[in-house]
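Here is upload-v7.csv, consisting of CSV, C-alpha atoms and all ligand atoms:
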```csv
chain,number,residue,atom,x,y,z
M,148,MET,CA,13.0,20.4,-5.8
M,149,PHE,CA,16.3,19.8,-3.9
M,150,ILE,CA,16.7,16.5,-2.1
M,151,SER,CA,20.4,17.4,-1.5
M,152,ASN,CA,23.0,19.4,-3.3
M,153,ASP,CA,23.3,16.8,-6.1
M,154,ILE,CA,19.9,15.1,-6.0
M,155,ARG,CA,16.8,16.7,-7.4
M,156,TYR,CA,13.1,15.7,-7.6
M,157,ILE,CA,11.8,15.6,-11.2
M,158,GLY,CA,8.5,13.8,-10.7
M,159,VAL,CA,5.0,14.7,-11.7
M,160,ASN,CA,1.5,15.0,-10.2
M,161,ASP,CA,-1.5,13.3,-11.8
M,162,HIS,CA,-4.7,15.2,-11.1
M,163,ASP,CA,-6.8,13.4,-13.7
M,164,ILE,CA,-6.5,9.8,-12.4
M,165,ASP,CA,-9.8,8.3,-11.1
M,166,LEU,CA,-8.6,4.8,-10.1
M,167,PHE,CA,-5.0,3.9,-9.3
M,168,GLU,CA,-4.1,0.5,-10.6
M,169,GLY,CA,-7.6,0.3,-11.9
M,170,GLN,CA,-9.2,0.0,-8.5
M,171,TYR,CA,-8.1,2.5,-5.8
M,172,TYR,CA,-10.2,5.7,-5.5
M,173,MET,CA,-7.9,8.7,-5.8
M,174,PRO,CA,-9.6,11.8,-4.2
M,175,ARG,CA,-6.4,13.8,-4.2
M,176,GLY,CA,-4.6,12.6,-7.3
M,177,MET,CA,-1.4,10.7,-7.4
M,178,ALA,CA,2.3,11.5,-7.6
M,179,TYR,CA,4.8,9.6,-9.8
M,180,ASN,CA,8.2,10.4,-8.3
M,181,SER,CA,11.5,10.4,-10.1
M,182,TYR,CA,14.9,11.8,-9.2
M,183,VAL,CA,18.2,12.7,-10.8
M,184,ILE,CA,21.6,12.5,-9.3
M,185,ILE,CA,24.0,15.0,-10.8
M,186,ASP,CA,27.6,14.0,-10.4
M,187,GLU,CA,30.5,13.2,-12.7
M,188,LYS,CA,28.0,10.7,-14.1
M,189,ILE,CA,24.3,11.5,-14.1
M,190,ALA,CA,21.8,8.9,-13.0
M,191,VAL,CA,18.0,9.2,-13.4
M,192,THR,CA,15.9,7.0,-11.2
M,193,ASP,CA,12.8,5.7,-12.9
M,194,THR,CA,10.5,7.3,-15.4
M,195,VAL,CA,6.8,8.3,-14.7
M,196,ALA,CA,3.4,7.2,-16.0
M,197,GLU,CA,2.9,7.2,-19.7
M,198,ASN,CA,0.9,10.4,-20.1
M,199,PHE,CA,3.5,12.5,-18.4
M,200,TYR,CA,6.6,12.0,-20.5
M,201,ASP,CA,6.9,15.6,-21.8
M,202,GLU,CA,6.4,17.2,-18.4
M,203,TRP,CA,8.8,14.8,-16.8
M,204,LEU,CA,11.4,15.2,-19.5
M,205,GLY,CA,11.1,19.0,-19.1
M,206,ASN,CA,11.7,18.7,-15.4
M,207,LEU,CA,14.8,16.5,-16.1
M,208,LYS,CA,16.2,18.8,-18.8
M,209,LYS,CA,16.0,21.8,-16.4
M,210,GLU,CA,18.4,19.9,-14.1
M,211,LEU,CA,20.7,18.5,-16.8
M,212,ASN,CA,21.9,21.9,-18.0
M,213,GLY,CA,22.6,20.6,-21.4
M,214,ARG,CA,24.3,17.4,-20.2
M,215,ASN,CA,23.1,13.9,-21.1
M,216,PRO,CA,22.2,11.3,-18.5
M,217,ASP,CA,24.6,8.3,-18.2
M,218,TYR,CA,22.3,5.9,-16.4
M,219,ILE,CA,18.6,5.4,-16.0
M,220,ILE,CA,18.0,3.2,-12.9
M,221,VAL,CA,14.8,1.1,-13.0
M,222,HIS,CA,13.9,0.2,-9.5
M,223,HIS,CA,10.5,-1.2,-10.4
M,224,MET,CA,8.9,-2.2,-13.8
M,225,GLU,CA,5.3,-1.4,-13.1
M,226,PRO,CA,4.1,1.0,-15.8
M,227,ASP,CA,3.4,3.9,-13.4
M,228,HIS,CA,7.2,4.1,-13.3
M,229,SER,CA,8.6,2.4,-16.3
M,230,ALA,CA,6.1,3.2,-19.1
M,231,ASN,CA,8.4,5.8,-20.7
M,232,LEU,CA,11.6,3.8,-20.7
M,233,LEU,CA,11.5,3.1,-24.5
M,234,LYS,CA,10.8,6.7,-25.4
M,235,PHE,CA,13.5,7.9,-23.0
M,236,SER,CA,16.0,5.4,-24.4
M,237,ASP,CA,15.3,6.6,-27.9
M,238,ASP,CA,15.8,10.2,-26.8
M,239,TYR,CA,19.1,9.3,-25.0
M,240,PRO,CA,20.6,6.4,-27.0
M,241,GLY,CA,23.9,6.6,-25.0
M,242,CYS,CA,22.2,6.1,-21.6
M,243,LYS,CA,22.8,2.8,-19.9
M,244,ILE,CA,19.8,1.1,-18.3
M,245,VAL,CA,20.5,-0.2,-14.8
M,246,ALA,CA,18.1,-2.9,-13.5
M,247,SER,CA,17.8,-6.4,-12.1
M,248,LYS,CA,17.9,-9.4,-14.5
M,249,GLN,CA,14.2,-9.9,-13.9
M,250,ALA,CA,13.4,-6.3,-14.8
M,251,PHE,CA,15.2,-6.8,-18.2
M,252,ASN,CA,13.0,-9.9,-18.8
M,253,MET,CA,9.9,-7.8,-18.1
M,254,MET,CA,11.2,-5.1,-20.5
M,255,LYS,CA,11.1,-7.6,-23.3
M,256,ASN,CA,7.4,-8.3,-22.5
M,257,PHE,CA,6.5,-4.6,-22.2
M,258,PHE,CA,8.6,-3.1,-25.0
M,259,GLY,CA,9.6,-6.0,-27.2
M,260,THR,CA,13.2,-5.4,-26.4
M,261,ASP,CA,15.4,-5.9,-23.3
M,262,PHE,CA,17.8,-3.2,-24.5
M,263,ALA,CA,20.7,-5.8,-24.8
M,264,ASP,CA,23.3,-3.2,-25.9
M,265,LYS,CA,22.5,-0.9,-23.0
M,266,GLN,CA,22.1,-3.3,-20.1
M,267,LEU,CA,23.8,-2.9,-16.8
M,268,VAL,CA,22.5,-5.8,-14.7
M,269,ILE,CA,22.6,-5.3,-11.0
M,270,ASN,CA,22.3,-7.8,-8.2
M,271,ASP,CA,21.7,-7.5,-4.5
M,272,GLY,CA,24.7,-5.7,-2.9
M,273,ASP,CA,26.1,-4.3,-6.1
M,274,GLU,CA,27.4,-0.7,-6.2
M,275,LEU,CA,27.4,1.9,-8.9
M,276,SER,CA,29.8,4.8,-8.7
M,277,LEU,CA,28.7,8.1,-10.2
M,278,GLY,CA,31.8,10.0,-8.9
M,279,LYS,CA,31.2,11.4,-5.4
M,280,HIS,CA,28.0,9.4,-5.1
M,281,ASN,CA,28.1,5.6,-4.8
M,282,LEU,CA,24.7,3.8,-5.1
M,283,LYS,CA,24.3,0.5,-3.3
M,284,PHE,CA,21.5,-1.8,-4.5
M,285,PHE,CA,19.3,-4.0,-2.4
M,286,SER,CA,17.0,-6.5,-3.9
M,287,ALA,CA,13.4,-6.1,-2.6
M,288,PRO,CA,11.4,-8.9,-4.2
M,289,MET,CA,7.6,-8.5,-4.0
M,290,VAL,CA,7.9,-5.0,-2.6
M,291,HIS,CA,5.8,-4.8,-4.8
M,292,TRP,CA,6.8,-7.0,-7.8
M,293,PRO,CA,9.6,-9.6,-8.0
M,294,GLU,CA,12.1,-7.5,-9.9
M,295,VAL,CA,12.2,-4.6,-7.4
M,296,MET,CA,15.5,-3.1,-6.3
M,297,VAL,CA,15.9,-0.2,-3.9
M,298,SER,CA,19.1,1.8,-3.8
M,299,TYR,CA,21.0,3.8,-1.2
M,300,ASP,CA,23.3,6.7,-1.9
M,301,LEU,CA,26.2,6.4,0.5
M,302,ALA,CA,27.3,10.0,0.2
M,303,ASP,CA,24.0,11.7,1.1
M,304,LYS,CA,22.5,8.7,3.0
M,305,VAL,CA,19.4,8.8,0.7
M,306,LEU,CA,17.3,5.7,0.2
M,307,PHE,CA,15.5,5.3,-3.1
M,308,SER,CA,12.8,3.0,-1.7
M,309,ALA,CA,10.7,2.1,-4.8
M,310,ASP,CA,7.0,1.6,-3.8
M,311,ALA,CA,7.9,1.2,-0.1
M,312,PHE,CA,7.0,4.2,2.0
M,313,GLY,CA,4.7,5.4,-0.8
M,314,LYS,CA,1.4,7.1,-0.3
M,315,PHE,CA,-1.6,8.0,-2.4
M,316,GLY,CA,-2.1,11.7,-3.3
M,317,ALA,CA,-0.5,14.3,-5.6
M,318,LEU,CA,2.2,16.3,-3.9
M,319,ASP,CA,0.7,19.7,-4.7
M,320,ILE,CA,-2.6,18.9,-3.0
M,321,GLU,CA,-2.6,19.1,0.8
M,322,ASP,CA,-3.6,16.0,2.6
M,323,PRO,CA,-5.4,17.1,5.8
M,324,GLU,CA,-5.1,13.6,7.2
M,325,GLY,CA,-1.3,13.6,7.3
M,326,TRP,CA,0.9,10.8,6.0
M,327,ALA,CA,-0.3,7.7,7.7
M,328,CYS,CA,-3.9,7.4,6.5
M,329,GLU,CA,-3.2,7.3,2.7
M,330,ALA,CA,0.1,5.5,3.2
M,331,ARG,CA,-1.7,2.8,5.1
M,332,ARG,CA,-4.4,2.5,2.5
M,333,TYR,CA,-1.7,2.3,-0.1
M,334,TYR,CA,0.4,-0.2,1.8
M,335,PHE,CA,-2.4,-2.7,2.7
M,336,GLY,CA,-3.9,-2.5,-0.8
M,337,ILE,CA,-0.8,-2.8,-2.8
M,338,VAL,CA,2.0,-4.3,-0.7
M,339,GLY,CA,0.1,-5.8,2.3
M,340,LYS,CA,0.2,-9.4,1.1
M,341,PHE,CA,3.9,-9.3,1.2
M,342,GLY,CA,4.7,-8.6,4.8
M,343,VAL,CA,7.4,-11.2,5.0
M,344,GLN,CA,9.2,-9.6,2.1
M,345,VAL,CA,8.8,-6.1,3.6
M,346,GLN,CA,10.3,-7.4,6.8
M,347,ALA,CA,13.2,-8.9,4.9
M,348,LEU,CA,13.8,-5.5,3.3
M,349,LEU,CA,13.6,-3.7,6.6
M,350,LYS,CA,16.2,-6.1,8.0
M,351,LYS,CA,18.6,-5.4,5.1
M,352,LEU,CA,18.1,-1.7,5.7
M,353,SER,CA,18.5,-1.8,9.5
M,354,ASP,CA,22.3,-1.5,9.3
M,355,ILE,CA,22.5,1.6,7.2
M,356,GLU,CA,22.0,5.2,8.3
M,357,ILE,CA,19.2,6.9,6.4
M,358,ASN,CA,18.7,10.6,6.3
M,359,THR,CA,16.1,10.8,3.5
M,360,ILE,CA,13.7,8.3,2.0
M,361,CYS,CA,12.8,9.0,-1.7
M,362,PRO,CA,9.8,6.8,-2.5
M,363,LEU,CA,8.2,6.4,-6.0
M,364,HIS,CA,4.9,7.9,-4.6
M,365,GLY,CA,4.1,10.4,-1.9
M,366,PRO,CA,6.3,12.9,-0.2
M,367,VAL,CA,10.1,12.7,0.3
M,368,LEU,CA,10.6,11.8,3.9
M,369,ASN,CA,13.5,13.5,5.7
M,370,GLU,CA,12.4,14.0,9.3
M,371,ASP,CA,11.5,11.7,12.1
M,372,LEU,CA,12.2,8.6,10.0
M,373,GLY,CA,11.7,6.4,13.0
M,374,TYR,CA,8.0,7.1,12.8
M,375,TYR,CA,7.7,5.8,9.3
M,376,LEU,CA,10.0,2.8,9.8
M,377,ASN,CA,8.1,1.9,12.9
M,378,LEU,CA,4.7,2.0,11.1
M,379,TYR,CA,6.2,-0.1,8.3
M,380,ASN,CA,7.4,-2.6,10.9
M,381,ILE,CA,4.0,-2.9,12.5
M,382,TRP,CA,2.2,-3.1,9.2
M,383,SER,CA,4.5,-5.7,7.7
M,384,SER,CA,4.4,-7.9,10.8
M,385,TYR,CA,0.6,-7.7,10.9
M,386,GLY,CA,0.8,-6.1,14.3
M,387,VAL,CA,-1.8,-3.9,16.0
M,388,GLU,CA,-1.3,-0.3,15.2
M,389,THR,CA,-4.3,1.1,17.1
M,390,ASP,CA,-6.1,-0.3,20.1
M,391,GLY,CA,-9.8,-0.6,19.3
M,392,VAL,CA,-12.4,-2.4,17.3
M,393,VAL,CA,-13.5,-2.1,13.6
M,394,ILE,CA,-17.0,-3.1,12.7
M,395,ALA,CA,-17.5,-3.8,9.0
M,396,TYR,CA,-21.1,-4.4,7.9
M,397,THR,CA,-23.6,-4.7,5.2
M,398,SER,CA,-27.3,-4.1,5.8
M,399,VAL,CA,-30.3,-4.6,3.5
M,400,TYR,CA,-33.2,-3.1,5.4
M,401,GLY,CA,-31.4,-1.4,8.2
M,402,ASN,CA,-31.8,-4.1,10.9
M,403,THR,CA,-28.2,-5.3,10.8
M,404,GLU,CA,-27.1,-1.6,10.8
M,405,LYS,CA,-29.1,-1.0,14.0
M,406,ALA,CA,-27.3,-3.9,15.7
M,407,VAL,CA,-23.9,-2.4,14.6
M,408,GLN,CA,-24.8,1.0,16.0
M,409,ILE,CA,-25.8,-0.6,19.3
M,410,LEU,CA,-22.6,-2.6,19.4
M,411,LYS,CA,-20.6,0.6,18.8
M,412,GLU,CA,-22.4,2.3,21.8
M,413,LYS,CA,-21.9,-0.7,24.0
M,414,LEU,CA,-18.2,-0.9,23.1
M,415,ILE,CA,-17.7,2.7,24.0
M,416,GLU,CA,-19.6,2.3,27.2
M,417,ALA,CA,-17.4,-0.7,28.0
M,418,GLY,CA,-14.3,1.5,27.6
M,419,CYS,CA,-13.1,0.6,24.1
M,420,PRO,CA,-10.7,3.4,23.1
M,421,LYS,CA,-11.7,3.5,19.5
M,422,VAL,CA,-14.5,2.1,17.4
M,423,ALA,CA,-14.4,2.4,13.6
M,424,VAL,CA,-17.5,1.5,11.6
M,425,THR,CA,-17.6,0.9,7.9
M,426,ASP,CA,-20.5,0.2,5.6
M,427,LEU,CA,-19.0,-2.1,3.0
M,428,ALA,CA,-21.7,-1.3,0.4
M,429,ARG,CA,-21.1,2.5,0.5
M,430,ASP,CA,-17.7,3.3,2.0
M,431,ASP,CA,-14.4,2.8,0.2
M,432,MET,CA,-13.4,-0.9,0.4
M,433,ALA,CA,-9.7,-0.1,0.5
M,434,GLU,CA,-10.3,2.1,3.6
M,435,ALA,CA,-12.2,-0.8,5.2
M,436,VAL,CA,-9.3,-3.1,4.4
M,437,GLU,CA,-6.7,-0.8,5.9
M,438,ASP,CA,-8.8,-0.5,9.1
M,439,ALA,CA,-9.2,-4.3,9.3
M,440,PHE,CA,-5.4,-4.5,9.4
M,441,ARG,CA,-4.9,-1.5,11.7
M,442,TYR,CA,-7.0,-2.8,14.6
M,443,GLY,CA,-6.5,-6.0,16.5
M,444,LYS,CA,-10.2,-6.8,16.8
M,445,ILE,CA,-12.9,-6.9,14.1
M,446,VAL,CA,-16.6,-7.6,14.0
M,447,LEU,CA,-18.2,-8.6,10.7
M,448,ALA,CA,-21.9,-8.1,10.4
M,449,THR,CA,-23.9,-9.3,7.4
M,450,THR,CA,-27.0,-11.1,6.1
M,451,THR,CA,-27.4,-14.5,4.6
M,452,TYR,CA,-27.9,-14.1,0.9
M,453,ASN,CA,-28.5,-16.8,-1.7
M,454,GLY,CA,-27.4,-19.3,0.8
M,455,GLU,CA,-24.2,-17.4,1.2
M,456,ILE,CA,-23.3,-14.0,2.5
M,457,PHE,CA,-24.0,-10.6,1.1
M,458,PRO,CA,-21.7,-9.9,-1.9
M,459,PHE,CA,-19.8,-6.8,-0.5
M,460,MET,CA,-18.9,-8.8,2.7
M,461,LYS,CA,-17.8,-11.7,0.5
M,462,GLN,CA,-15.5,-9.4,-1.5
M,463,PHE,CA,-14.2,-7.9,1.7
M,464,ILE,CA,-13.3,-11.2,3.4
M,465,ASP,CA,-11.8,-12.5,0.1
M,466,THR,CA,-9.6,-9.3,0.0
M,467,LEU,CA,-8.5,-9.8,3.6
M,468,THR,CA,-7.6,-13.4,3.2
M,469,GLU,CA,-5.7,-12.7,-0.1
M,470,HIS,CA,-3.7,-10.1,1.7
M,471,GLY,CA,-2.5,-12.4,4.5
M,472,PHE,CA,-5.0,-11.4,7.2
M,473,LYS,CA,-3.8,-12.8,10.6
M,474,ASN,CA,-3.3,-12.1,14.3
M,475,LYS,CA,-6.9,-10.9,15.0
M,476,THR,CA,-9.8,-11.4,17.2
M,477,ILE,CA,-13.0,-11.7,15.1
M,478,GLY,CA,-16.7,-11.6,16.1
M,479,PHE,CA,-19.8,-12.0,14.0
M,480,ILE,CA,-23.3,-10.5,13.7
M,481,GLU,CA,-25.5,-12.4,11.4
M,482,ASN,CA,-29.0,-11.7,10.1
M,483,GLY,CA,-31.4,-14.0,8.2
M,484,THR,CA,-35.1,-14.4,7.8
M,485,TRP,CA,-34.9,-18.2,7.1
M,486,ASN,CA,-32.0,-20.6,7.5
M,487,PRO,CA,-29.4,-18.0,8.5
M,488,VAL,CA,-25.8,-19.2,7.7
M,489,ALA,CA,-23.8,-16.0,7.5
M,490,ALA,CA,-21.8,-16.4,10.6
M,491,LYS,CA,-20.9,-20.0,9.7
M,492,ARG,CA,-19.9,-18.9,6.1
M,493,MET,CA,-17.8,-16.0,7.3
M,494,ARG,CA,-16.0,-18.2,9.8
M,495,SER,CA,-15.2,-20.8,7.3
M,496,MET,CA,-13.8,-18.2,4.9
M,497,LEU,CA,-11.5,-16.9,7.6
M,498,GLU,CA,-10.4,-20.3,9.0
M,499,GLU,CA,-7.4,-20.5,6.8
M,500,CYS,CA,-6.0,-17.3,8.3
M,501,LYS,CA,-3.2,-17.7,10.9
M,502,ASN,CA,-3.5,-16.8,14.6
M,503,ILE,CA,-7.2,-15.9,14.6
M,504,THR,CA,-9.4,-16.0,17.7
M,505,PHE,CA,-13.1,-16.2,17.2
M,506,THR,CA,-15.2,-14.7,19.9
M,507,GLU,CA,-17.4,-17.0,22.0
M,508,ASN,CA,-20.4,-14.6,21.6
M,509,THR,CA,-22.1,-14.3,18.2
M,510,VAL,CA,-25.1,-12.1,17.5
M,511,LYS,CA,-27.9,-14.0,15.7
M,512,ILE,CA,-30.7,-11.8,14.4
M,513,PHE,CA,-33.8,-13.3,12.8
M,514,SER,CA,-35.0,-10.4,10.6
M,515,ALA,CA,-35.3,-7.7,13.2
M,516,LEU,CA,-33.6,-7.0,16.6
M,517,LYS,CA,-35.2,-8.6,19.7
M,518,ASP,CA,-34.3,-8.2,23.4
M,519,GLU,CA,-32.2,-11.3,23.2
M,520,ASN,CA,-30.1,-9.7,20.5
M,521,ILE,CA,-29.4,-6.7,22.8
M,522,GLU,CA,-28.2,-9.1,25.4
M,523,GLN,CA,-26.0,-10.9,22.8
M,524,ILE,CA,-24.6,-7.5,21.6
M,525,ASN,CA,-23.8,-6.5,25.2
M,526,ASN,CA,-22.0,-9.8,25.8
M,527,LEU,CA,-20.0,-9.5,22.6
M,528,ALA,CA,-19.0,-5.9,23.5
M,529,LYS,CA,-17.8,-7.1,26.9
M,530,GLU,CA,-15.9,-10.0,25.5
M,531,LEU,CA,-14.1,-7.7,23.0
M,532,VAL,CA,-13.1,-5.2,25.6
M,533,LYS,CA,-12.1,-7.5,28.4
Z,1,LIG,FE1,4.1,2.4,-8.0
Z,1,LIG,FE2,4.1,-1.0,-7.9
Z,1,LIG,O1,4.1,0.7,-8.7
```

I'd like the structure from this file rewritten - as structure tokens, please.
Amino acid sequence: MFISNDIRYIGVNDHDIDLFEGQYYMPRGMAYNSYVIIDEKIAVTDTVAENFYDEWLGNLKKELNGRNPDYIIVHHMEPDHSANLLKFSDDYPGCKIVASKQAFNMMKNFFGTDFADKQLVINDGDELSLGKHNLKFFSAPMVHWPEVMVSYDLADKVLFSADAFGKFGALDIEDPEGWACEARRYYFGIVGKFGVQVQALLKKLSDIEINTICPLHGPVLNEDLGYYLNLYNIWSSYGVETDGVVIAYTSVYGNTEKAVQILKEKLIEAGCPKVAVTDLARDDMAEAVEDAFRYGKIVLATTTYNGEIFPFMKQFIDTLTEHGFKNKTIGFIENGTWNPVAAKRMRSMLEECKNITFTENTVKIFSALKDENIEQINNLAKELVK
């Protein structure tokens, strides 16, 4: 695939993967992207996941026309991109490895060598000339590991963005939901904790003109780049992307779920533009997490369980707090048959989050819904919409 006259796509699609990074459900596979810049010197950017070496090398060789690569650039050391570095280095012993100091330290841990005789250490702001193409490097620590660099080709105005702007899904399987849905699930699952660092990267990039973004996952982006940059700005600043309410719940015998359905109806009646409902025991947890960050308001509904809260809700709130959840309005629905403590427990788990407003109205169900609960639900809906 042509990115520009001298830049080609040489990545691969993984259709067999079940869980990315051991936890994210992959209904449409995954792409491991890699690129080659053909110039007086040839630079390859990153390898691919371990099982795809032969396919990737075949893609590369087709573009090399018998030449040998001069540089392999390692933007990110996570094994979905770097696993084949040792094999590649054995196959092309004259090829220099271009990476940050921290990436070379990681190579020693992964491969038992830091390739001392092949190192070209790069720092923030360094440039590498390939001939016509000059690559400028920007450090991007914690987007998504500490060693990450992104690079920018000054000739074709192409940004090699590492994991940033990545998306779940193989490139040869159509995604009917478009870019944002799986890019958001990817972002909040994988990079979401590091909003400050993503903001720092966006600031560094704000002065350069970008025609094309080449991420390590997902499609190459070359149109309407403002759309993607704007979403990254909202996500990394923990802003509100969509006006509405997300209700995340667990329900043991269906009574909490009934309350959730009534709240959804009341919110819609009160004029809430969008209500997203997720059952934390049955729906994809990573989808629930992305929705929690997407909307400005969230209602958490669960039961008291072993003097605590139901396990899926506990996992959900732990995931949110670990990922830097902030800037939200939060309401609660609790259910308990004796000594209900769920609302109190959920609130205390979220108290460490910054800029949180808890609603005045809480729905307190004792076992099954009563008239007073309908009134509480109504009041909560009104408070959330006002
Ligand atoms: Fe795609 Fe953080 O690796």

Exercise. Would you work out the distance separating CA of Asp227 in chain M from CA of Val195 in chain M, expressed in Å to one decimal?
Key: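 For CA of Asp227 in chain M relative to CA of Val195 in chain M, the distance reads 5.7 Å.
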
Which chains and residue numbers are within 8 Å of ligand LIG 1 (chain Z), counting all atoms listed in the file, if I want them as a PDB file with C-alpha atoms, in the frame of the given file?
```pdb
ATOM      1  CA  TYR M 179       4.800   9.600  -9.800  1.00  0.00           C
ATOM      2  CA  HIS M 223      10.500  -1.200 -10.400  1.00  0.00           C
ATOM      3  CA  MET M 224       8.900  -2.200 -13.800  1.00  0.00           C
ATOM      4  CA  GLU M 225       5.300  -1.400 -13.100  1.00  0.00           C
ATOM      5  CA  PRO M 226       4.100   1.000 -15.800  1.00  0.00           C
ATOM      6  CA  ASP M 227       3.400   3.900 -13.400  1.00  0.00           C
ATOM      7  CA  HIS M 228       7.200   4.100 -13.300  1.00  0.00           C
ATOM      8  CA  VAL M 290       7.900  -5.000  -2.600  1.00  0.00           C
ATOM      9  CA  HIS M 291       5.800  -4.800  -4.800  1.00  0.00           C
ATOM     10  CA  TRP M 292       6.800  -7.000  -7.800  1.00  0.00           C
ATOM     11  CA  ALA M 309      10.700   2.100  -4.800  1.00  0.00           C
ATOM     12  CA  ASP M 310       7.000   1.600  -3.800  1.00  0.00           C
ATOM     13  CA  GLY M 313       4.700   5.400  -0.800  1.00  0.00           C
ATOM     14  CA  ILE M 337      -0.800  -2.800  -2.800  1.00  0.00           C
ATOM     15  CA  LEU M 363       8.200   6.400  -6.000  1.00  0.00           C
ATOM     16  CA  HIS M 364       4.900   7.900  -4.600  1.00  0.00           C
TER      17      HIS M 364
END
```

If you take every atom of range 261-278 of chain M that the file lists and fit an axis-aligned box around them with 8 Å extra on each side, what centre and edge lengths come out in Å to one decimal, as lines of an AutoDock Vina configuration file?
```
center_x = 23.6
center_y = 1.1
center_z = -14.4
size_x = 32.4
size_y = 33.8
size_z = 39.0
```

Quiz item: So, counting only C-alpha atoms, which residue among M:Ile394, M:Val297, M:Leu349, M:Ile464 is closest to His222 in chain M?
Solution: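 Nearest candidate to His222 in chain M out of M:Ile394, M:Val297, M:Leu349, M:Ile464: M:Val297.
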
Quiz item: Restricting the calculation to all atoms listed in the file, which member of M:Val367, M:Ile157, M:Ala417, M:Ala428 is positioned closest to Asn526 in chain M?
Solution: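 Result for the nearest residue to Asn526 in chain M: M:Ala417.
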
Self-check item: Atom-to-atom span, CA of Trp485 in chain M and CA of Ile512 in chain M, Å
Solution: 10.6 Å
